[in-house]
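File shown: entry_11.cif. Contents: mmCIF, C-alpha atoms.
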data_model
#
loop_
_atom_site.label_atom_id
_atom_site.label_comp_id
_atom_site.auth_asym_id
_atom_site.auth_seq_id
_atom_site.Cartn_x
_atom_site.Cartn_y
_atom_site.Cartn_z
CA MET A 2 59.55 45.39 61.91
CA THR A 3 61.77 44.06 59.13
CA ASP A 4 63.67 40.84 59.78
CA LEU A 5 67.32 41.93 59.74
CA THR A 6 68.58 38.36 60.16
CA THR A 7 68.17 37.57 56.44
CA ALA A 8 69.82 39.10 53.37
CA GLU A 9 66.42 40.04 51.93
CA GLY A 10 65.24 41.68 55.15
CA PHE A 11 68.48 43.59 55.59
CA ASN A 12 68.46 44.84 51.98
CA ALA A 13 64.88 46.07 52.33
CA ALA A 14 65.65 47.92 55.58
CA ALA A 15 68.97 49.38 54.37
CA LYS A 16 67.71 51.23 51.27
CA GLU A 17 67.43 54.63 52.97
CA HIS A 18 70.39 54.15 55.30
CA PHE A 19 74.18 54.18 54.91
CA PRO A 20 74.44 50.72 53.26
CA GLY A 21 71.81 51.79 50.72
CA HIS A 22 73.73 54.95 49.88
CA LEU A 23 76.80 52.81 49.13
CA ASP A 24 74.64 50.40 47.07
CA ILE A 25 75.62 47.46 49.27
CA ALA A 26 73.55 44.33 48.72
CA MET A 27 73.70 41.44 51.16
CA THR A 28 73.68 38.06 49.43
CA LEU A 29 73.91 35.75 52.45
CA VAL A 30 73.25 36.09 56.17
CA GLU A 31 73.42 32.98 58.31
CA HIS A 32 74.73 32.14 61.75
CA GLY A 33 78.47 32.77 61.71
CA LYS A 34 78.73 33.85 58.06
CA ALA A 35 77.67 36.74 55.84
CA GLU A 36 78.34 37.86 52.27
CA GLY A 37 77.64 41.05 50.40
CA ALA A 38 78.59 42.99 47.29
CA MET A 39 78.93 46.53 46.03
CA GLN A 40 78.94 47.65 42.40
CA VAL A 41 81.76 50.21 42.17
CA GLY A 42 80.56 53.55 40.85
CA PRO A 43 81.97 57.08 40.77
CA GLN A 44 80.58 57.74 44.26
CA HIS A 45 82.94 55.05 45.64
CA LEU A 46 86.11 56.46 44.10
CA THR A 47 88.71 58.97 45.18
CA PRO A 48 89.33 61.98 42.93
CA THR A 49 92.29 60.01 41.51
CA GLY A 50 89.94 57.24 40.33
CA TYR A 51 90.62 54.45 42.84
CA LEU A 52 88.25 52.78 45.28
CA HIS A 53 88.10 54.87 48.45
CA GLY A 54 89.27 53.09 51.60
CA ALA A 55 86.17 54.27 53.45
CA ALA A 56 83.94 52.55 50.87
CA VAL A 57 85.83 49.29 51.50
CA VAL A 58 85.42 49.68 55.27
CA GLY A 59 81.75 50.56 54.79
CA LEU A 60 81.20 47.35 52.84
CA ALA A 61 83.16 45.15 55.26
CA ASP A 62 81.62 46.65 58.41
CA THR A 63 78.13 46.32 56.91
CA VAL A 64 78.66 42.67 55.99
CA CYS A 65 80.15 41.84 59.40
CA GLY A 66 77.35 43.75 61.12
CA SER A 67 74.73 41.83 59.17
CA GLY A 68 76.38 38.61 60.21
CA CYS A 69 76.42 39.75 63.81
CA GLN A 70 72.72 40.63 63.60
CA GLY A 71 72.03 37.14 62.29
CA SER A 72 74.20 35.54 64.99
CA LYS A 73 73.07 37.36 68.14
CA PRO A 74 72.57 35.24 71.22
CA GLU A 75 68.93 34.67 72.13
CA GLY A 76 67.56 37.65 74.06
CA ALA A 77 70.11 40.16 72.75
CA VAL A 78 68.56 43.32 71.30
CA GLY A 79 71.36 44.55 69.06
CA PHE A 80 75.05 45.16 68.64
CA THR A 81 77.51 47.94 67.94
CA THR A 82 80.99 47.97 66.45
CA ILE A 83 83.56 48.77 69.13
CA GLU A 84 86.76 48.25 67.14
CA LEU A 85 87.78 47.71 63.53
CA LYS A 86 90.93 47.35 61.48
CA CYS A 87 91.50 47.11 57.75
CA ASN A 88 94.61 46.15 55.79
CA TYR A 89 94.63 47.07 52.10
CA MET A 90 96.50 44.95 49.53
CA GLY A 91 94.97 46.30 46.34
CA THR A 92 92.21 48.41 44.88
CA ALA A 93 89.52 48.51 42.21
CA THR A 94 88.38 51.14 39.75
CA SER A 95 85.20 49.49 38.46
CA GLY A 96 83.21 46.28 38.60
CA THR A 97 81.82 44.57 41.67
CA VAL A 98 83.64 44.06 44.94
CA THR A 99 82.47 41.29 47.23
CA CYS A 100 82.90 40.70 50.92
CA THR A 101 82.85 37.39 52.75
CA ALA A 102 82.75 37.55 56.55
CA ARG A 103 82.98 34.85 59.20
CA MET A 104 82.55 34.96 62.95
CA ILE A 105 85.70 33.81 64.71
CA HIS A 106 84.40 34.42 68.25
CA GLY A 107 80.77 34.40 69.32
CA GLY A 108 80.49 35.19 73.01
CA ARG A 109 77.70 36.55 75.18
CA THR A 110 79.10 40.09 75.23
CA THR A 111 81.30 40.29 72.12
CA GLN A 112 81.68 38.84 68.67
CA VAL A 113 84.82 39.04 66.52
CA TRP A 114 84.48 38.92 62.75
CA ASP A 115 87.03 38.57 59.94
CA ALA A 116 86.25 39.56 56.36
CA ASP A 117 87.93 39.62 52.98
CA VAL A 118 87.01 42.11 50.28
CA ALA A 119 87.78 40.96 46.73
CA ARG A 120 87.55 42.22 43.16
CA GLU A 121 85.69 40.36 40.41
CA ASP A 122 88.90 38.60 39.42
CA GLY A 123 89.10 37.08 42.91
CA LYS A 124 92.06 39.16 44.10
CA VAL A 125 91.61 40.05 47.77
CA ILE A 126 92.08 43.80 48.09
CA ALA A 127 91.45 44.14 51.83
CA SER A 128 91.45 42.11 55.01
CA PHE A 129 89.14 43.43 57.74
CA ARG A 130 88.56 42.52 61.39
CA CYS A 131 86.04 43.98 63.80
CA THR A 132 84.80 43.44 67.33
CA GLN A 133 81.08 43.83 68.01
CA MET A 134 79.58 44.45 71.43
CA VAL A 135 76.36 42.52 71.93
CA LEU A 136 73.61 44.71 73.41
CA TRP A 137 71.13 43.41 75.99
CA PRO A 138 67.86 44.88 77.30
CA LYS A 139 68.34 47.29 80.17
CA PRO A 140 66.92 46.04 83.46
#

What is this structure when it is put down as structure tokens?
Amino acid sequence: MTDLTTAEGFNAAAKEHFPGHLDIAMTLVEHGKAEGAMQVGPQHLTPTGYLHGAAVVGLADTVCGSGCQGSKPEGAVGFTTIELKCNYMGTATSGTVTCTARMIHGGRTTQVWDADVAREDGKVIASFRCTQMVLWPKP
């Protein structure tokens, strides 16, 4: 099985899944922090030519999820997103958008992650927060 706790392992496993379809590439996965990027293409845009909000959420949730995977407590078998929120302050029409996520709570049953999504010029276009439920083996 692929090691999903590293950027390289996640990228290899994600090619045929949702993150791969959005062309998301993880650049860093370490305990409590994750970073990723997405080259904006026509598939990420609305018919009016602006970055679709769902593409932004897809990037942010993927980056936070990768961080959660790399920060699971010992013995945990996975995680799932149980809540998310995104505030938009801008948009993009081309270029690369990046996401930097950090764990702000790392408990036994939940993790809370904050992330910023930014354009190439450094302007933050979205602020994202999610809660992840840590999954344990069934008895």

- Message: I'd like the contact shell of A:Arg130 - 10 Å cut-off, only C-alpha atoms, skipping same-chain residues fewer than 4 positions apart - returned as a ChimeraX atom specification.
- Response: /A:58,61-62,65,84-88,102-105,113-117

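The closest residue to A:Pro43, picked from A:Ser95, A:Thr81, A:Asn12, A:Thr7 and counting all atoms listed in the file, is A:Ser95.
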
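Pairwise distance (atom CA of A:Thr82, atom CA of A:His53) equals 20.5 Å.
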
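Across the structure, atom CA of A:Pro138 and atom CA of A:Val78 are spaced 6.2 Å apart.
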
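Atom pair atom CA of A:Thr111 / atom CA of A:Ala13 has a distance of 26.4 Å (rounded to one decimal).
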
- Task: Apply the PyMOL selection byres ((chain A and resi 68) around 6) to the structure shown and report the selected residues as JSON, numbers by chain.
- Result: {"A": [30, 34, 35, 65, 66, 67, 69, 70, 71]}
